[in-house]
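Student: Dropping in upload08.json, with JSON, C-alpha atoms.
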```
[["chain", "number", "residue", "atom", "x", "y", "z"],
["A", 1, "MET", "CA", 112.11, 101.25, 153.00],
["A", 2, "GLU", "CA", 111.42, 98.85, 155.87],
["A", 3, "ILE", "CA", 112.48, 101.41, 158.46],
["A", 4, "ALA", "CA", 110.52, 104.23, 156.82],
["A", 5, "SER", "CA", 107.44, 102.02, 156.41],
["A", 6, "ALA", "CA", 107.51, 100.99, 160.06],
["A", 7, "GLN", "CA", 107.17, 104.66, 161.08],
["A", 8, "VAL", "CA", 103.94, 105.30, 159.14],
["A", 9, "GLY", "CA", 101.33, 106.55, 161.59],
["A", 10, "ASN", "CA", 103.76, 108.23, 164.00],
["A", 11, "LYS", "CA", 102.35, 111.64, 164.93],
["A", 12, "GLY", "CA", 104.19, 114.70, 166.16],
["A", 13, "GLY", "CA", 107.66, 113.58, 165.09],
["A", 14, "GLN", "CA", 109.17, 113.56, 168.60],
["A", 15, "PRO", "CA", 111.44, 110.55, 167.98],
["A", 16, "TYR", "CA", 113.00, 112.30, 164.97],
["A", 17, "TRP", "CA", 113.47, 115.91, 166.06],
["A", 18, "SER", "CA", 114.64, 114.86, 169.54],
["A", 19, "TRP", "CA", 117.11, 112.35, 168.00],
["A", 20, "TYR", "CA", 118.47, 115.25, 165.97],
["A", 21, "GLY", "CA", 119.02, 117.24, 169.17],
["A", 22, "PHE", "CA", 116.08, 119.65, 169.21],
["A", 23, "LYS", "CA", 114.40, 120.23, 172.58],
["A", 24, "SER", "CA", 110.99, 121.02, 171.08],
["A", 25, "ARG", "CA", 109.06, 120.41, 167.90],
["A", 26, "ILE", "CA", 110.32, 121.87, 164.64],
["A", 27, "ALA", "CA", 109.32, 121.21, 161.03],
["A", 28, "TRP", "CA", 110.61, 117.65, 161.04],
["A", 29, "CYS", "CA", 110.45, 116.16, 157.53],
["A", 30, "ALA", "CA", 114.24, 116.35, 157.11],
["A", 31, "CYS", "CA", 114.85, 115.05, 160.64],
["A", 32, "TYR", "CA", 112.67, 112.04, 159.77],
["A", 33, "VAL", "CA", 114.61, 111.34, 156.56],
["A", 34, "SER", "CA", 117.91, 111.73, 158.43],
["A", 35, "TRP", "CA", 116.72, 109.45, 161.25],
["A", 36, "CYS", "CA", 115.77, 106.75, 158.72],
["A", 37, "ALA", "CA", 119.16, 107.13, 157.02],
["A", 38, "ASP", "CA", 120.91, 106.84, 160.37],
["A", 39, "GLN", "CA", 119.03, 103.65, 161.23],
["A", 40, "CYS", "CA", 120.40, 102.15, 157.99],
["A", 41, "GLY", "CA", 123.97, 103.29, 158.67],
["A", 42, "TYR", "CA", 123.86, 105.66, 155.69],
["A", 43, "ILE", "CA", 124.95, 108.74, 157.65],
["A", 44, "ASP", "CA", 128.05, 107.07, 159.10],
["A", 45, "ALA", "CA", 128.85, 105.66, 155.64],
["A", 46, "GLY", "CA", 128.58, 109.14, 154.08],
["A", 47, "ILE", "CA", 125.76, 108.09, 151.73],
["A", 48, "ILE", "CA", 123.23, 110.58, 153.08],
["A", 49, "PRO", "CA", 123.95, 113.62, 155.27],
["A", 50, "LYS", "CA", 122.36, 114.36, 158.61],
["A", 51, "PHE", "CA", 120.24, 117.43, 157.91],
["A", 52, "SER", "CA", 117.33, 119.23, 159.52],
["A", 53, "LEU", "CA", 116.82, 121.85, 156.80],
["A", 54, "CYS", "CA", 115.77, 120.81, 153.32],
["A", 55, "SER", "CA", 118.08, 123.45, 151.86],
["A", 56, "ASP", "CA", 121.06, 121.78, 153.56],
["A", 57, "GLY", "CA", 120.09, 118.42, 152.07],
["A", 58, "VAL", "CA", 119.72, 119.92, 148.60],
["A", 59, "ALA", "CA", 123.11, 121.64, 148.90],
["A", 60, "TRP", "CA", 124.82, 118.40, 150.01],
["A", 61, "PHE", "CA", 123.39, 116.34, 147.15],
["A", 62, "LYS", "CA", 124.33, 119.02, 144.61],
["A", 63, "LYS", "CA", 127.85, 119.39, 146.03],
["A", 64, "ASN", "CA", 128.35, 115.62, 145.94],
["A", 65, "GLY", "CA", 127.12, 115.22, 142.35],
["A", 66, "GLN", "CA", 124.02, 113.27, 143.35],
["A", 67, "TRP", "CA", 121.34, 115.83, 142.49],
["A", 68, "GLN", "CA", 118.90, 114.83, 139.75],
["A", 69, "ASP", "CA", 116.57, 117.10, 137.82],
["A", 70, "ARG", "CA", 112.89, 116.62, 136.96],
["A", 71, "ASN", "CA", 113.74, 114.30, 134.07],
["A", 72, "TYR", "CA", 115.08, 111.62, 136.44],
["A", 73, "LEU", "CA", 112.81, 108.64, 137.12],
["A", 74, "PRO", "CA", 112.89, 108.20, 140.92],
["A", 75, "GLN", "CA", 113.75, 104.80, 142.36],
["A", 76, "ALA", "CA", 112.68, 103.22, 145.65],
["A", 77, "GLY", "CA", 114.81, 104.60, 148.46],
["A", 78, "ASP", "CA", 115.65, 107.87, 146.70],
["A", 79, "LEU", "CA", 115.02, 111.11, 148.54],
["A", 80, "ILE", "CA", 112.66, 113.51, 146.83],
["A", 81, "PHE", "CA", 112.61, 117.23, 147.54],
["A", 82, "PHE", "CA", 109.52, 119.37, 146.94],
["A", 83, "ASP", "CA", 109.23, 123.04, 145.97],
["A", 84, "TRP", "CA", 105.53, 123.59, 146.59],
["A", 85, "GLU", "CA", 105.65, 127.34, 146.04],
["A", 86, "GLY", "CA", 107.59, 127.17, 142.75],
["A", 87, "ASP", "CA", 110.09, 129.72, 144.01],
["A", 88, "GLY", "CA", 113.22, 127.58, 143.65],
["A", 89, "ARG", "CA", 113.43, 126.81, 147.37],
["A", 90, "CYS", "CA", 112.81, 123.38, 148.81],
["A", 91, "ASN", "CA", 109.89, 123.13, 151.25],
["A", 92, "HIS", "CA", 109.69, 119.42, 152.04],
["A", 93, "VAL", "CA", 111.53, 116.10, 151.64],
["A", 94, "GLY", "CA", 110.36, 112.50, 151.57],
["A", 95, "ILE", "CA", 111.51, 109.02, 150.64],
["A", 96, "VAL", "CA", 110.42, 107.42, 147.37],
["A", 97, "GLU", "CA", 108.59, 104.16, 147.96],
["A", 98, "LYS", "CA", 107.98, 103.42, 144.29],
["A", 99, "CYS", "CA", 107.32, 104.99, 140.93],
["A", 100, "GLU", "CA", 104.53, 103.39, 138.93],
["A", 101, "ASP", "CA", 102.92, 104.58, 135.69],
["A", 102, "GLY", "CA", 104.51, 108.00, 136.10],
["A", 103, "VAL", "CA", 103.23, 108.41, 139.67],
["A", 104, "VAL", "CA", 105.72, 108.80, 142.52],
["A", 105, "TYR", "CA", 104.66, 107.19, 145.81],
["A", 106, "THR", "CA", 106.44, 108.43, 148.92],
["A", 107, "ILE", "CA", 106.73, 108.00, 152.65],
["A", 108, "GLU", "CA", 107.05, 111.37, 154.33],
["A", 109, "GLY", "CA", 107.53, 112.71, 157.82],
["A", 110, "ASN", "CA", 105.69, 115.83, 158.93],
["A", 111, "SER", "CA", 102.94, 115.39, 156.38],
["A", 112, "GLY", "CA", 100.05, 116.79, 158.36],
["A", 113, "ASN", "CA", 102.29, 116.34, 161.44],
["A", 114, "ALA", "CA", 102.51, 112.57, 160.86],
["A", 115, "CYS", "CA", 104.46, 109.94, 158.96],
["A", 116, "LYS", "CA", 102.32, 109.09, 155.94],
["A", 117, "ARG", "CA", 102.36, 107.38, 152.59],
["A", 118, "GLN", "CA", 101.63, 109.94, 149.89],
["A", 119, "HIS", "CA", 101.03, 110.19, 146.18],
["A", 120, "PRO", "CA", 99.44, 112.85, 143.99]]
```
What would you get if you wrote out this structure as structure tokens?
Tutor:
Amino acid sequence: MEIASAQVGNKGGQPYWSWYGFKSRIAWCACYVSWCADQCGYIDAGIIPKFSLCSDGVAWFKKNGQWQDRNYLPQAGDLIFFDWEGDGRCNHVGIVEKCEDGVVYTIEGNSGNACKRQHP
């Protein structure tokens, strides 16, 4: 959470998508999550995959038995995937900061092209 929190306010996502290997801007929410995981050593340890597409992250967590459904109460540090269109495909990913009184608070990359704290 410290690493993710320190990035709040970054605009444009250049540190994240360029770290991933892209030469120009892409939708970078997953690159941001992967960058944070890398800074913690989680990618090298096999805890979280390096992914630039939300669908790849979802597939990895499902394959590795770490996927949770809507009934799971998110914990700080968990990744949360969003399906904004309700079509069964993931559109966005963020990091859970906390869950309080049924509200999930997140830190997300590429939220309005910036790293932001979010909650409904």
Student: Pick from A:Val103, A:Val33, A:Cys90, A:Ile43: nearest to Ile3 in chain A, with only C-alpha atoms counted?
Tutor: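 Smallest separation from Ile3 in chain A among the options: A:Val33.
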Student: For Gly21 in chain A, please output as a short mmCIF file (atom, residue, chain, number, x, y, z; two decimals) with C-alpha atoms, in the frame of the given file all residues within 12 Å (counting only C-alpha atoms; exclusion window: fewer than 6 positions along the same chain).
Tutor:
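Full text of out-v1.cif as output:
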```cif
data_model
loop_
_atom_site.label_atom_id
_atom_site.label_comp_id
_atom_site.auth_asym_id
_atom_site.auth_seq_id
_atom_site.Cartn_x
_atom_site.Cartn_y
_atom_site.Cartn_z
CA GLN A 14 109.17 113.56 168.60
CA PRO A 15 111.44 110.55 167.98
CA TRP A 28 110.61 117.65 161.04
CA CYS A 31 114.85 115.05 160.64
CA TRP A 35 116.72 109.45 161.25
CA LYS A 50 122.36 114.36 158.61
CA PHE A 51 120.24 117.43 157.91
CA SER A 52 117.33 119.23 159.52
#
```
Student: In Å, how far is it from CA of Asp83 in chain A to CA of Asn113 in chain A?
Tutor: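 Interatomic distance here is 18.2 Å.
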Student: Would you compute the distance between CA of Ala76 in chain A and CA of Ile95 in chain A? Give it in Å to one decimal.
Tutor: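 Atom-to-atom, CA of Ala76 in chain A and CA of Ile95 in chain A are spaced 7.7 Å apart.
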Student: Have a look at CA of Gly77 in chain A and CA of Lys11 in chain A and let me know their distance in Å, one decimal.
Tutor: 21.8 Å
Student: Which of these residues is nearest to Gln39 in chain A, using all atoms listed in the file: A:Tyr16, A:Tyr72, A:Trp84, A:Phe22?
Tutor: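 Once distances to Gln39 in chain A are computed over all atoms listed in the file, the minimum belongs to A:Tyr16.
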Student: Go through A:Ile80, A:Ala30, A:Cys115, A:Val58 one by one, measure the shortest atom-to-atom distance of each to Cys99 in chain A using all atoms listed in the file, and give the residue with the smallest value.
Tutor: A:Ile80
Student: Which residue is closest to Tyr20 in chain A? Choose from A:Ser34, A:Gln68, A:Gln7, A:Asn91 and count only C-alpha atoms.
Tutor: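 The shortest atom-to-atom distance to Tyr20 in chain A comes from A:Ser34.
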Student: Env of Lys98 in chain A: 12 Å cut, atoms = only C-alpha atoms, seq-sep filter 2 positions within chain, self excluded. Answer as a list in words.
Tutor: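 So, after excluding close chain neighbours, the residues are Met1, Leu73, Pro74, Gln75, Ala76, Gly77, Asp78, Leu79, Ile80, Gly94, Ile95, Val96, Glu100, Asp101, Gly102, Val103, Val104, Tyr105, Thr106, Ile107, Arg117, Gln118 and His119 of chain A.
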Student: Restricting the calculation to only C-alpha atoms: of A:Ala27, A:Gly109, A:Ala37, A:Asp44, which residue gets closest to Glu2 in chain A?
Tutor: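 Closest to Glu2 in chain A, using only C-alpha atoms: A:Ala37.
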Student: With distances taken over only C-alpha atoms, which residue among A:Gly86, A:Val93, A:Tyr32, A:Ile26 lies nearest Ser55 in chain A?
Tutor: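 Under the stated criterion, the closest residue is A:Val93.
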Student: As AutoDock Vina command-line options, what would the box around range 72-81 of chain A look like: edges along x, y and z, 4 Å added on every side, centre and edge lengths in Å to one decimal?
Tutor:
```
--center_x 114.1 --center_y 110.2 --center_z 142.5 --size_x 11.0 --size_y 22.0 --size_z 20.1
```
Student: Excluding Gly13 in chain A and its own-chain neighbours fewer than 4 positions away, which residues fall within 7 Å of it when counting all atoms listed in the file? Please give them as a list in words.
Tutor: Trp17, Trp28, Asn110 and Ala114 of chain A
